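Shown here: my_file02.pdb, PDB, C-alpha atoms and all ligand atoms.
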ATOM      1  CA  MET S   1     119.677 100.000  99.677
ATOM      2  CA  PHE S   2     117.411  98.982  96.796
ATOM      3  CA  SER S   3     117.927  95.272  97.409
ATOM      4  CA  LEU S   4     114.989  93.120  98.562
ATOM      5  CA  LYS S   5     117.237  90.124  99.359
ATOM      6  CA  GLY S   6     115.867  88.051 102.217
ATOM      7  CA  LYS S   7     112.458  89.751 102.100
ATOM      8  CA  ILE S   8     109.102  88.005 101.596
ATOM      9  CA  ALA S   9     106.685  89.999  99.418
ATOM     10  CA  LEU S  10     102.956  89.286  99.047
ATOM     11  CA  ILE S  11     101.374  90.907  95.999
ATOM     12  CA  THR S  12      97.599  90.535  95.742
ATOM     13  CA  GLY S  13      95.892  89.815  92.419
ATOM     14  CA  ALA S  14      99.269  89.245  90.762
ATOM     15  CA  SER S  15      98.557  86.540  88.140
ATOM     16  CA  TYR S  16      99.023  89.122  85.395
ATOM     17  CA  GLY S  17      99.102  92.859  84.724
ATOM     18  CA  ILE S  18     100.558  95.426  87.107
ATOM     19  CA  GLY S  19     100.767  93.013  90.042
ATOM     20  CA  TYR S  20     102.680  90.480  87.970
ATOM     21  CA  ALA S  21     105.180  93.096  86.756
ATOM     22  CA  ILE S  22     105.783  94.346  90.309
ATOM     23  CA  ALA S  23     106.239  90.768  91.564
ATOM     24  CA  LYS S  24     108.715  90.066  88.743
ATOM     25  CA  GLY S  25     110.646  93.209  89.681
ATOM     26  CA  TYR S  26     110.694  92.176  93.331
ATOM     27  CA  ALA S  27     112.040  88.727  92.432
ATOM     28  CA  ARG S  28     114.791  90.357  90.355
ATOM     29  CA  ALA S  29     115.622  92.537  93.398
ATOM     30  CA  GLY S  30     116.045  89.390  95.534
ATOM     31  CA  ALA S  31     112.654  88.989  97.221
ATOM     32  CA  THR S  32     110.720  85.751  97.708
ATOM     33  CA  VAL S  33     107.461  86.337  95.815
ATOM     34  CA  VAL S  34     104.080  85.170  97.062
ATOM     35  CA  PHE S  35     100.815  86.091  95.350
ATOM     36  CA  ASN S  36      97.113  85.377  95.521
ATOM     37  CA  ASP S  37      94.315  85.634  93.056
ATOM     38  CA  ILE S  38      90.613  85.093  93.119
ATOM     39  CA  ASN S  39      90.455  81.561  91.668
ATOM     40  CA  ARG S  40      92.587  78.474  91.048
ATOM     41  CA  GLU S  41      92.598  78.979  87.271
ATOM     42  CA  LEU S  42      94.161  82.453  87.607
ATOM     43  CA  VAL S  43      96.666  81.263  90.223
ATOM     44  CA  ASP S  44      97.757  78.354  87.997
ATOM     45  CA  LYS S  45      98.036  80.722  85.004
ATOM     46  CA  GLY S  46     100.147  83.023  87.119
ATOM     47  CA  LEU S  47     102.395  80.203  88.380
ATOM     48  CA  GLU S  48     103.009  79.144  84.780
ATOM     49  CA  SER S  49     104.024  82.700  83.844
ATOM     50  CA  TYR S  50     106.334  83.046  86.855
ATOM     51  CA  ARG S  51     107.954  79.679  86.059
ATOM     52  CA  ALA S  52     108.445  80.739  82.430
ATOM     53  CA  ASP S  53     110.174  83.870  83.757
ATOM     54  CA  GLY S  54     112.405  81.744  85.991
ATOM     55  CA  ILE S  55     110.702  82.927  89.186
ATOM     56  CA  ASP S  56     109.939  80.421  91.993
ATOM     57  CA  ALA S  57     106.728  82.149  93.157
ATOM     58  CA  ARG S  58     104.160  80.733  95.593
ATOM     59  CA  GLY S  59     100.500  81.200  94.607
ATOM     60  CA  TYR S  60      97.354  80.925  96.726
ATOM     61  CA  VAL S  61      93.641  81.275  96.032
ATOM     62  CA  CYS S  62      92.104  84.002  98.191
ATOM     63  CA  ASP S  63      89.418  86.645  97.747
ATOM     64  CA  VAL S  64      90.776  89.775  99.451
ATOM     65  CA  THR S  65      87.254  90.739 100.573
ATOM     66  CA  ASP S  66      86.832  87.508 102.591
ATOM     67  CA  GLU S  67      88.223  88.418 106.019
ATOM     68  CA  LYS S  68      88.352  84.809 107.300
ATOM     69  CA  ALA S  69      90.094  83.594 104.137
ATOM     70  CA  VAL S  70      92.611  86.458 104.322
ATOM     71  CA  TYR S  71      93.635  85.609 107.897
ATOM     72  CA  GLU S  72      93.960  81.938 106.880
ATOM     73  CA  LEU S  73      96.062  83.000 103.869
ATOM     74  CA  VAL S  74      98.451  85.045 106.022
ATOM     75  CA  ALA S  75      98.753  82.223 108.577
ATOM     76  CA  THR S  76      99.444  79.699 105.783
ATOM     77  CA  ILE S  77     102.099  81.920 104.217
ATOM     78  CA  GLU S  78     103.746  82.499 107.610
ATOM     79  CA  ARG S  79     103.809  78.698 108.145
ATOM     80  CA  GLU S  80     104.902  77.667 104.643
ATOM     81  CA  VAL S  81     107.105  80.581 103.541
ATOM     82  CA  GLY S  82     107.708  83.005 106.407
ATOM     83  CA  VAL S  83     106.551  86.339 107.814
ATOM     84  CA  ILE S  84     105.471  88.876 105.184
ATOM     85  CA  ASP S  85     107.838  91.872 105.013
ATOM     86  CA  ILE S  86     106.202  93.619 102.049
ATOM     87  CA  LEU S  87     102.494  93.737 101.150
ATOM     88  CA  VAL S  88     101.343  95.195  97.829
ATOM     89  CA  ASN S  89      97.579  95.740  97.715
ATOM     90  CA  ASN S  90      97.182  95.425  93.955
ATOM     91  CA  ALA S  91      93.984  93.359  93.506
ATOM     92  CA  GLY S  92      91.224  95.495  92.106
ATOM     93  CA  ILE S  93      88.179  95.737  89.881
ATOM     94  CA  ILE S  94      86.466  98.518  87.988
ATOM     95  CA  LYS S  95      82.863  98.778  86.782
ATOM     96  CA  ARG S  96      82.374 101.564  84.233
ATOM     97  CA  ILE S  97      78.710 102.516  84.704
ATOM     98  CA  SER S  98      77.157 106.007  84.835
ATOM     99  CA  MET S  99      76.449 106.713  88.491
ATOM    100  CA  CYS S 100      72.675 107.078  88.175
ATOM    101  CA  GLU S 101      72.505 103.759  86.285
ATOM    102  CA  MET S 102      74.735 101.960  88.808
ATOM    103  CA  SER S 103      73.166  99.705  91.433
ATOM    104  CA  ALA S 104      74.215 100.099  95.063
ATOM    105  CA  GLU S 105      75.276  96.412  94.871
ATOM    106  CA  ASP S 106      77.707  97.137  92.022
ATOM    107  CA  PHE S 107      79.000 100.246  93.812
ATOM    108  CA  ARG S 108      79.495  98.243  97.020
ATOM    109  CA  ARG S 109      81.367  95.448  95.196
ATOM    110  CA  VAL S 110      83.950  97.918  93.798
ATOM    111  CA  ILE S 111      84.402  99.524  97.245
ATOM    112  CA  ASP S 112      84.642  96.030  98.747
ATOM    113  CA  VAL S 113      87.494  94.871  96.505
ATOM    114  CA  ASP S 114      89.377  98.138  95.957
ATOM    115  CA  LEU S 115      89.161  99.624  99.470
ATOM    116  CA  ILE S 116      87.941  97.106 102.044
ATOM    117  CA  GLY S 117      90.206  94.408 100.572
ATOM    118  CA  PRO S 118      93.371  96.477 101.211
ATOM    119  CA  PHE S 119      92.024  97.311 104.710
ATOM    120  CA  ILE S 120      91.580  93.602 105.524
ATOM    121  CA  MET S 121      94.915  92.567 103.967
ATOM    122  CA  SER S 122      96.793  95.330 105.803
ATOM    123  CA  LYS S 123      95.342  94.594 109.237
ATOM    124  CA  ALA S 124      96.124  90.891 108.732
ATOM    125  CA  VAL S 125      99.847  91.507 108.134
ATOM    126  CA  ILE S 126     100.536  94.473 110.468
ATOM    127  CA  PRO S 127     100.719  92.497 113.786
ATOM    128  CA  SER S 128     103.638  90.376 112.520
ATOM    129  CA  MET S 129     105.310  93.475 111.032
ATOM    130  CA  ILE S 130     105.096  95.131 114.463
ATOM    131  CA  LYS S 131     106.638  92.039 116.102
ATOM    132  CA  ARG S 132     109.437  92.047 113.485
ATOM    133  CA  GLY S 133     110.066  95.766 113.932
ATOM    134  CA  HIS S 134     109.610  96.649 110.258
ATOM    135  CA  GLY S 135     107.205  96.394 107.342
ATOM    136  CA  LYS S 136     106.263  97.907 103.981
ATOM    137  CA  ILE S 137     102.712  98.298 102.691
ATOM    138  CA  ILE S 138     102.195  99.634  99.172
ATOM    139  CA  ASN S 139      98.664 100.415  97.983
ATOM    140  CA  ILE S 140      98.013 100.610  94.250
ATOM    141  CA  CYS S 141      95.975 103.778  93.978
ATOM    142  CA  SER S 142      95.118 105.561  90.729
ATOM    143  CA  MET S 143      94.725 108.866  88.865
ATOM    144  CA  MET S 144      91.209 108.465  90.230
ATOM    145  CA  SER S 145      92.604 108.973  93.719
ATOM    146  CA  GLU S 146      92.808 112.634  92.578
ATOM    147  CA  LEU S 147      90.497 113.060  89.581
ATOM    148  CA  GLY S 148      87.013 111.940  88.541
ATOM    149  CA  ARG S 149      85.519 111.154  85.198
ATOM    150  CA  GLU S 150      82.244 109.828  83.837
ATOM    151  CA  THR S 151      81.298 106.196  84.685
ATOM    152  CA  VAL S 152      83.949 105.547  87.369
ATOM    153  CA  SER S 153      82.227 106.942  90.500
ATOM    154  CA  ALA S 154      82.637 103.755  92.570
ATOM    155  CA  TYR S 155      86.239 103.229  91.451
ATOM    156  CA  ALA S 156      87.192 106.874  92.152
ATOM    157  CA  ALA S 157      85.502 106.747  95.572
ATOM    158  CA  ALA S 158      87.426 103.548  96.363
ATOM    159  CA  LYS S 159      90.792 104.805  95.113
ATOM    160  CA  GLY S 160      90.297 108.171  96.841
ATOM    161  CA  GLY S 161      89.571 106.253 100.019
ATOM    162  CA  LEU S 162      92.632 104.076  99.431
ATOM    163  CA  LYS S 163      94.787 107.237  99.324
ATOM    164  CA  MET S 164      93.457 108.238 102.753
ATOM    165  CA  LEU S 165      93.723 104.676 104.128
ATOM    166  CA  THR S 166      97.393 104.816 103.065
ATOM    167  CA  ARG S 167      97.876 108.045 105.038
ATOM    168  CA  ASN S 168      96.060 106.599 108.044
ATOM    169  CA  ILE S 169      98.115 103.400 108.175
ATOM    170  CA  CYS S 170     101.193 105.668 108.004
ATOM    171  CA  SER S 171      99.820 107.766 110.888
ATOM    172  CA  GLU S 172      98.852 104.827 113.115
ATOM    173  CA  TYR S 173     101.774 102.418 112.466
ATOM    174  CA  GLY S 174     104.710 104.583 111.441
ATOM    175  CA  GLN S 175     105.917 104.396 115.055
ATOM    176  CA  TYR S 176     106.591 100.643 114.517
ATOM    177  CA  ASN S 177     108.882 101.303 111.546
ATOM    178  CA  ILE S 178     106.110 100.380 109.104
ATOM    179  CA  GLN S 179     106.031 102.520 105.983
ATOM    180  CA  CYS S 180     102.739 102.634 104.071
ATOM    181  CA  ASN S 181     102.808 104.421 100.714
ATOM    182  CA  GLY S 182     100.789 104.366  97.506
ATOM    183  CA  ILE S 183     101.621 104.130  93.840
ATOM    184  CA  GLY S 184      99.255 106.044  91.568
ATOM    185  CA  PRO S 185      99.654 104.579  88.067
ATOM    186  CA  GLY S 186      98.507 106.724  85.165
ATOM    187  CA  TYR S 187      96.835 104.985  82.229
ATOM    188  CA  ILE S 188      98.571 101.622  81.875
ATOM    189  CA  ALA S 189      98.105  99.150  78.997
ATOM    190  CA  THR S 190      96.650  96.098  80.754
ATOM    191  CA  PRO S 191      93.483  93.975  80.291
ATOM    192  CA  GLN S 192      91.670  96.373  82.640
ATOM    193  CA  THR S 193      92.063  99.270  80.186
ATOM    194  CA  ALA S 194      91.826  97.219  76.991
ATOM    195  CA  PRO S 195      88.228  98.432  76.322
ATOM    196  CA  LEU S 196      89.564 102.027  76.292
ATOM    197  CA  ARG S 197      92.146 101.192  73.608
ATOM    198  CA  GLU S 198      90.071  99.040  71.238
ATOM    199  CA  ILE S 199      90.716  99.710  67.551
ATOM    200  CA  GLN S 200      87.496 101.108  66.017
ATOM    201  CA  PRO S 201      85.607  99.330  63.154
ATOM    202  CA  ASP S 202      87.130 101.840  60.686
ATOM    203  CA  GLY S 203      90.624 100.913  61.944
ATOM    204  CA  SER S 204      91.124 104.167  63.855
ATOM    205  CA  ARG S 205      92.283 104.402  67.463
ATOM    206  CA  HIS S 206      89.654 104.520  70.251
ATOM    207  CA  PRO S 207      88.696 108.165  71.014
ATOM    208  CA  PHE S 208      89.650 107.611  74.680
ATOM    209  CA  ASP S 209      93.051 106.299  73.562
ATOM    210  CA  ARG S 210      93.644 109.497  71.594
ATOM    211  CA  PHE S 211      92.366 111.555  74.541
ATOM    212  CA  ILE S 212      94.827 109.971  77.000
ATOM    213  CA  ILE S 213      97.728 110.461  74.583
ATOM    214  CA  SER S 214      96.793 114.175  74.375
ATOM    215  CA  LYS S 215      96.645 114.432  78.183
ATOM    216  CA  THR S 216      99.970 112.686  78.804
ATOM    217  CA  PRO S 217     103.204 114.692  78.352
ATOM    218  CA  ALA S 218     104.974 111.351  77.703
ATOM    219  CA  ALA S 219     102.483 110.980  74.797
ATOM    220  CA  ARG S 220     102.081 107.251  75.433
ATOM    221  CA  TRP S 221     100.231 104.769  77.666
ATOM    222  CA  GLY S 222     102.276 103.404  80.525
ATOM    223  CA  THR S 223     103.326  99.763  80.683
ATOM    224  CA  PRO S 224     103.272  97.566  83.811
ATOM    225  CA  GLU S 225     107.087  97.593  83.633
ATOM    226  CA  ASP S 226     107.067 101.398  84.166
ATOM    227  CA  LEU S 227     105.877 100.698  87.717
ATOM    228  CA  ILE S 228     108.660  98.290  88.722
ATOM    229  CA  GLY S 229     111.289 100.876  89.732
ATOM    230  CA  PRO S 230     108.894 102.944  91.891
ATOM    231  CA  ALA S 231     107.551  99.732  93.484
ATOM    232  CA  VAL S 232     111.068  98.444  94.297
ATOM    233  CA  PHE S 233     111.964 101.849  95.772
ATOM    234  CA  LEU S 234     108.909 101.862  98.074
ATOM    235  CA  ALA S 235     109.570  98.241  99.154
ATOM    236  CA  SER S 236     113.273  98.808  99.891
ATOM    237  CA  ASP S 237     115.347 100.438 102.643
ATOM    238  CA  ALA S 238     115.795 103.381 100.262
ATOM    239  CA  SER S 239     112.322 104.603 101.325
ATOM    240  CA  ASN S 240     112.543 104.026 105.112
ATOM    241  CA  PHE S 241     111.744 107.683 105.803
ATOM    242  CA  VAL S 242     109.065 107.967 103.094
ATOM    243  CA  ASN S 243     105.624 107.434 104.613
ATOM    244  CA  GLY S 244     102.047 108.295 103.673
ATOM    245  CA  HIS S 245     103.159 109.344 100.198
ATOM    246  CA  ILE S 246     101.313 108.602  96.947
ATOM    247  CA  LEU S 247     103.921 108.292  94.186
ATOM    248  CA  TYR S 248     102.204 109.060  90.874
ATOM    249  CA  VAL S 249     103.692 107.162  87.941
ATOM    250  CA  ASP S 250     101.604 108.770  85.216
ATOM    251  CA  GLY S 251     103.918 110.161  82.528
ATOM    252  CA  GLY S 252     103.028 113.642  83.796
ATOM    253  CA  ILE S 253      99.230 113.599  83.388
ATOM    254  CA  LEU S 254      98.533 115.221  86.764
ATOM    255  CA  ALA S 255     100.904 118.109  85.938
ATOM    256  CA  TYR S 256      99.502 118.869  82.483
ATOM    257  CA  ILE S 257      96.389 120.763  81.281
ATOM    258  CA  GLY S 258      96.462 118.815  78.003
ATOM    259  CA  LYS S 259      97.386 119.517  74.384
ATOM    260  CA  GLN S 260      95.255 122.104  72.568
ATOM    261  CA  PRO S 261      92.943 120.169  70.145
TER     262      PRO S 261
HETATM  263  P1  LIG N   1      93.285  94.153  86.866
HETATM  264  O1  LIG N   1      92.426  93.434  85.951
HETATM  265  O2  LIG N   1      92.659  95.216  87.681
HETATM  266  O3  LIG N   1      94.021  93.051  87.827
HETATM  267  C1  LIG N   1      93.630  92.922  89.087
HETATM  268  C2  LIG N   1      93.879  91.504  89.528
HETATM  269  O4  LIG N   1      93.221  91.355  90.790
HETATM  270  C3  LIG N   1      93.265  90.452  88.592
HETATM  271  O5  LIG N   1      94.052  89.290  88.562
HETATM  272  C4  LIG N   1      91.949  90.196  89.264
HETATM  273  O6  LIG N   1      91.363  88.957  88.963
HETATM  274  C5  LIG N   1      92.360  90.236  90.719
HETATM  275  N1  LIG N   1      91.209  90.385  91.605
HETATM  276  C6  LIG N   1      90.042  91.001  91.353
HETATM  277  N2  LIG N   1      89.221  90.902  92.413
HETATM  278  C7  LIG N   1      89.903  90.206  93.364
HETATM  279  C8  LIG N   1      89.590  89.767  94.684
HETATM  280  N3  LIG N   1      88.408  90.019  95.245
HETATM  281  N4  LIG N   1      90.524  89.062  95.374
HETATM  282  C9  LIG N   1      91.722  88.768  94.800
HETATM  283  N5  LIG N   1      92.090  89.153  93.546
HETATM  284  C10 LIG N   1      91.177  89.866  92.853
HETATM  285  O7  LIG N   1      94.495  94.727  86.105
HETATM  286  P2  LIG N   1      95.571  95.842  86.356
HETATM  287  O8  LIG N   1      95.315  96.888  85.359
HETATM  288  O9  LIG N   1      96.850  95.093  86.428
HETATM  289  O10 LIG N   1      95.276  96.544  87.784
HETATM  290  C11 LIG N   1      95.993  96.203  88.928
HETATM  291  C12 LIG N   1      95.739  97.300  89.944
HETATM  292  O11 LIG N   1      96.176  98.552  89.418
HETATM  293  C13 LIG N   1      94.261  97.489  90.288
HETATM  294  O12 LIG N   1      94.125  97.841  91.650
HETATM  295  C14 LIG N   1      93.866  98.694  89.428
HETATM  296  O13 LIG N   1      92.766  99.394  89.976
HETATM  297  C15 LIG N   1      95.115  99.506  89.499
HETATM  298  N6  LIG N   1      95.316 100.483  88.434
HETATM  299  C16 LIG N   1      95.297 100.095  87.130
HETATM  300  C17 LIG N   1      95.570 101.070  86.152
HETATM  301  C18 LIG N   1      95.566 100.752  84.688
HETATM  302  O14 LIG N   1      95.563 101.704  83.893
HETATM  303  N7  LIG N   1      95.585  99.480  84.295
HETATM  304  C19 LIG N   1      95.865 102.369  86.525
HETATM  305  C20 LIG N   1      95.837 102.709  87.887
HETATM  306  C21 LIG N   1      95.581 101.750  88.823
HETATM  307  P3  LIG N   1      90.283  88.944  87.777
HETATM  308  O15 LIG N   1      91.089  88.793  86.520
HETATM  309  O16 LIG N   1      89.393  87.764  88.050
HETATM  310  O17 LIG N   1      89.522  90.258  87.824
HETATM  311  C1  LIG N   2      89.295 104.501  83.482
HETATM  312  C2  LIG N   2      90.563 103.708  83.713
HETATM  313  C3  LIG N   2      91.338 104.291  84.853
HETATM  314  C4  LIG N   2      92.587 103.479  85.066
HETATM  315  C5  LIG N   2      93.418 104.022  86.155
HETATM  316  C6  LIG N   2      93.913 105.393  85.897
HETATM  317  O1  LIG N   2      88.272 103.876  83.175
HETATM  318  O2  LIG N   2      89.378 105.732  83.613
HETATM  319  O3  LIG N   2      90.258 102.341  83.964
HETATM  320  O4  LIG N   2      90.560 104.305  86.010
HETATM  321  O5  LIG N   2      92.269 102.161  85.402
HETATM  322  O6  LIG N   2      92.835 103.890  87.399
HETATM  323  O7  LIG N   2      94.866 105.704  86.888
END

Output the file's structure in the form of structure tokens.
Amino acid sequence: MFSLKGKIALITGASYGIGYAIAKGYARAGATVVFNDINRELVDKGLESYRADGIDARGYVCDVTDEKAVYELVATIEREVGVIDILVNNAGIIKRISMCEMSAEDFRRVIDVDLIGPFIMSKAVIPSMIKRGHGKIINICSMMSELGRETVSAYAAAKGGLKMLTRNICSEYGQYNIQCNGIGPGYIATPQTAPLREIQPDGSRHPFDRFIISKTPAARWGTPEDLIGPAVFLASDASNFVNGHILYVDGGILAYIGKQP
């Protein structure tokens, strides 16, 4: 029931990082992997990585916030590869700026990519899922779907909204055997969090790095590979009665008050 054989999976923003790891896991589980990224350079870089990993992935350039381009992308994939069975809304950005210093334009851009992008991608694939009688949508949420912190107001608002969009897609389309769930990664070692793990000039670990280690019962940062099993589960028949759920893959952060300093 965990096999993805015969399924076509589209993972957005999957040239590297979490999206790439999930796509690799899907390929290993038997799926045909399709991905998009924001420019040709990233798509080509991604294709090279997939080839090196022995994965025959298809890559397309598409900005998830461009509604016309998204509908063209889905139509092209349906023509060239087949109907999308699994959509992972992974593409995302973060801008770490204190709220009162943040422009409305910057705030809007984060909401655009992290929340409106998944909205557009989901509504572009749902009609064919309804016709097929099944579909899986997995939204990559965040700890910030539940918690706030300084400088991530736009990102937290987007990821909190993405949690509720997940529940609403479940509510509106569950009757068509479409399951829409979220994965809430904890703090994962990818380029997006590299600034939070930079070694300090004196050679010590970044204060935020030490802080996350103290807040995580697993006492380590997650890796993109930690997300593969949960992502395969939510894309497979094993989760056909799981809907509207946010599966936190955070090493226990959300359960833990944190180690006494
Ligand atoms: P990331 O840098 O956020 O990767 C996101 C990918 O999406 C990049 O390839 C990025 O391209 C692409 N992208 C950005 N805007 C796009 C757009 N408008 N259209 C299409 N693609 C776009 O790295 P990540 O850490 O692997 O994050 C992946 C997802 O997990 C994101 O949604 C992130 O919010 C979420 N997440 C990350 C963590 C973590 O600790 N790393 C934890 C929880 C959730 P560019 O390289 O050009 O930006
Ligand atoms: C931050 C981090 C987090 C992670 C992730 C945690 O600045 O706090 O970037 O937001 O990206 O979303 O789940």

What residues have any atom no more than 6 Å from ligand LIG 2 (chain N) when counting only C-alpha atoms and all ligand atoms, and can you list them as a JSON list (two decimals) with C-alpha atoms, keeping the file's coordinate frame?
[["chain", "number", "residue", "atom", "x", "y", "z"],
["S", 142, "SER", "CA", 95.12, 105.56, 90.73],
["S", 143, "MET", "CA", 94.72, 108.87, 88.86],
["S", 144, "MET", "CA", 91.21, 108.46, 90.23],
["S", 185, "PRO", "CA", 99.65, 104.58, 88.07],
["S", 186, "GLY", "CA", 98.51, 106.72, 85.16],
["S", 187, "TYR", "CA", 96.84, 104.98, 82.23],
["S", 193, "THR", "CA", 92.06, 99.27, 80.19]]

**Study point:** Distance filter 7 Å around ligand LIG 1 (chain N), atoms: all atoms listed in the file, out as number ranges by chain
**Key:** S: 12-19, 36-38, 42, 62-65, 90-94, 113-114, 140-143, 184-193

Review point. In terms of the shortest atom-to-atom distance over all atoms listed in the file, which of S:Asp66, S:Glu80, S:Glu41, S:Glu150 is closest to Met99 in chain S?
Key: S:Glu150

**Study point:** Distance criterion (all atoms listed in the file): nearest to Pro118 in chain S out of S:Met164, S:Ile212, S:Ala52, S:Ala104
**Key:** S:Met164

Exercise for review: Return as a VMD selection string the set of residues that the PyMOL selection byres (((chain S and resi 110) around 12) and not hetatm) yields on the displayed structure.
Suggested key: chain S and resid 65 91 to 97 102 to 109 111 to 117 152 to 159 161

Dump C-alpha atoms for the selected residues as a tab-separated table (two decimals), in the frame of the given file?
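What follows is the written file selection-v7.tsv:
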chain	number	residue	atom	x	y	z
S	65	THR	CA	87.25	90.74	100.57
S	91	ALA	CA	93.98	93.36	93.51
S	92	GLY	CA	91.22	95.50	92.11
S	93	ILE	CA	88.18	95.74	89.88
S	94	ILE	CA	86.47	98.52	87.99
S	95	LYS	CA	82.86	98.78	86.78
S	96	ARG	CA	82.37	101.56	84.23
S	97	ILE	CA	78.71	102.52	84.70
S	102	MET	CA	74.74	101.96	88.81
S	103	SER	CA	73.17	99.70	91.43
S	104	ALA	CA	74.22	100.10	95.06
S	105	GLU	CA	75.28	96.41	94.87
S	106	ASP	CA	77.71	97.14	92.02
S	107	PHE	CA	79.00	100.25	93.81
S	108	ARG	CA	79.50	98.24	97.02
S	109	ARG	CA	81.37	95.45	95.20
S	111	ILE	CA	84.40	99.52	97.24
S	112	ASP	CA	84.64	96.03	98.75
S	113	VAL	CA	87.49	94.87	96.50
S	114	ASP	CA	89.38	98.14	95.96
S	115	LEU	CA	89.16	99.62	99.47
S	116	ILE	CA	87.94	97.11	102.04
S	117	GLY	CA	90.21	94.41	100.57
S	152	VAL	CA	83.95	105.55	87.37
S	153	SER	CA	82.23	106.94	90.50
S	154	ALA	CA	82.64	103.76	92.57
S	155	TYR	CA	86.24	103.23	91.45
S	156	ALA	CA	87.19	106.87	92.15
S	157	ALA	CA	85.50	106.75	95.57
S	158	ALA	CA	87.43	103.55	96.36
S	159	LYS	CA	90.79	104.80	95.11
S	161	GLY	CA	89.57	106.25	100.02

Exercise for review: Find, counting only C-alpha atoms, the residue in S:Glu146, S:Glu198, S:Glu101, S:Asp85 that gets nearest to Ser236 in chain S.
Suggested key: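 Between S:Glu146, S:Glu198, S:Glu101, S:Asp85, the residue approaching Ser236 in chain S most closely is S:Asp85.
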
Practice item. Could you give me, as a list in words, the residues within 12 Å of Ser3 in chain S, counting all atoms listed in the file and dropping anything in the same chain fewer than 6 positions from it? Key: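 After dropping sequence-adjacent residues, the list is Gly25, Tyr26, Ala27, Arg28, Ala29, Gly30, Ala31, Thr32, Gly229, Ala231, Val232, Phe233, Leu234, Ala235, Ser236, Asp237, Ala238 and Ser239 of chain S.
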
Review point. Which one is closest to Phe119 in chain S: S:Leu147, S:Val33, S:Leu165, S:Ala75? Count only C-alpha atoms.
Key: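 Closest to Phe119 in chain S, using only C-alpha atoms: S:Leu165.
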
Point to revise | Selection under test: the PyMOL selection byres (((chain S and resi 252) around 9) and not hetatm); residues as an MDAnalysis selection string | key: chainID S and resid 186 215:218 248:251 253:256

**Study point:** Pick from S:Lys68, S:Lys24, S:Lys123, S:Lys163, whichever lies nearest to Leu247 in chain S using all atoms listed in the file
**Key:** S:Lys163

Check your understanding: In terms of the shortest atom-to-atom distance over all atoms listed in the file, which of S:Val74, S:Ala219, S:Ile11, S:Ile126 is closest to Ala23 in chain S?
Key ->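 The answer is S:Ile11, which sits nearest to Ala23 in chain S.
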
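Here CA of Ala21 in chain S stands at a distance of 8.9 Å from CA of Asp226 in chain S.
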
Please give the centre and size of the box around range 22-26 of chain S (axis-aligned, containing every atom listed in the file, 3 Å added per side), with values in Å to one decimal and written as JSON.
{"center_x": 108.2, "center_y": 92.2, "center_z": 91.0, "size_x": 10.9, "size_y": 10.3, "size_z": 10.6}

Taking all atoms listed in the file into account, produce a table as JSON lines in which each residue of range 62-162 of chain S with an atom at most 8 Å from an atom of range 168-183 of chain S appears once, together with its shortest atom pair and the distance in Å to one decimal, ordered by chain and rising number.
{"residue": "S:Met129", "atom": "CA", "partner": "S:Ile178", "partner_atom": "CA", "distance": 7.2}
{"residue": "S:Ile130", "atom": "CA", "partner": "S:Tyr176", "partner_atom": "CA", "distance": 5.7}
{"residue": "S:Gly133", "atom": "CA", "partner": "S:Tyr176", "partner_atom": "CA", "distance": 6.0}
{"residue": "S:His134", "atom": "CA", "partner": "S:Asn177", "partner_atom": "CA", "distance": 4.9}
{"residue": "S:Gly135", "atom": "CA", "partner": "S:Ile178", "partner_atom": "CA", "distance": 4.5}
{"residue": "S:Lys136", "atom": "CA", "partner": "S:Gln179", "partner_atom": "CA", "distance": 5.0}
{"residue": "S:Ile137", "atom": "CA", "partner": "S:Cys180", "partner_atom": "CA", "distance": 4.6}
{"residue": "S:Ile138", "atom": "CA", "partner": "S:Asn181", "partner_atom": "CA", "distance": 5.1}
{"residue": "S:Asn139", "atom": "CA", "partner": "S:Gly182", "partner_atom": "CA", "distance": 4.5}
{"residue": "S:Ile140", "atom": "CA", "partner": "S:Ile183", "partner_atom": "CA", "distance": 5.1}
{"residue": "S:Cys141", "atom": "CA", "partner": "S:Ile183", "partner_atom": "CA", "distance": 5.7}
{"residue": "S:Ser142", "atom": "CA", "partner": "S:Ile183", "partner_atom": "CA", "distance": 7.3}

**Study point:** Atomic distance CA of Phe211 in chain S - CA of Gly148 in chain S, expressed in Å with one decimal
**Key:**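 We find that CA of Phe211 in chain S and CA of Gly148 in chain S lie 15.0 Å from each other.
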
**Study point:** For CA of Val43 in chain S and CA of Ala57 in chain S, the interatomic separation in Å (one decimal)
**Key:**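 Between CA of Val43 in chain S and CA of Ala57 in chain S the gap works out to 10.5 Å.
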
**Study point:** Exercise: Gly82 in chain S partners within 12 Å, all atoms listed in the file, chain neighbours under 6 positions left out, as a PyMOL selection string
**Key:** chain S and resi 6-10+32-34+58+73-76+125+128-129+132

File output for range 156-160 of chain S (N, CA and C atoms) as a tab-separated table (two decimals), in the first residue's frame:
chain	number	residue	atom	x	y	z
S	156	ALA	N	4.95	33.13	8.49
S	156	ALA	CA	4.04	32.47	9.42
S	156	ALA	C	2.58	32.67	8.97
S	157	ALA	N	2.27	33.88	8.52
S	157	ALA	CA	0.89	34.13	8.04
S	157	ALA	C	0.58	33.23	6.84
S	158	ALA	N	1.57	33.08	5.95
S	158	ALA	CA	1.37	32.24	4.76
S	158	ALA	C	1.22	30.77	5.15
S	159	LYS	N	2.11	30.29	6.01
S	159	LYS	CA	2.10	28.87	6.37
S	159	LYS	C	0.91	28.54	7.29
S	160	GLY	N	0.46	29.51	8.08
S	160	GLY	CA	-0.76	29.31	8.85
S	160	GLY	C	-1.95	29.22	7.91
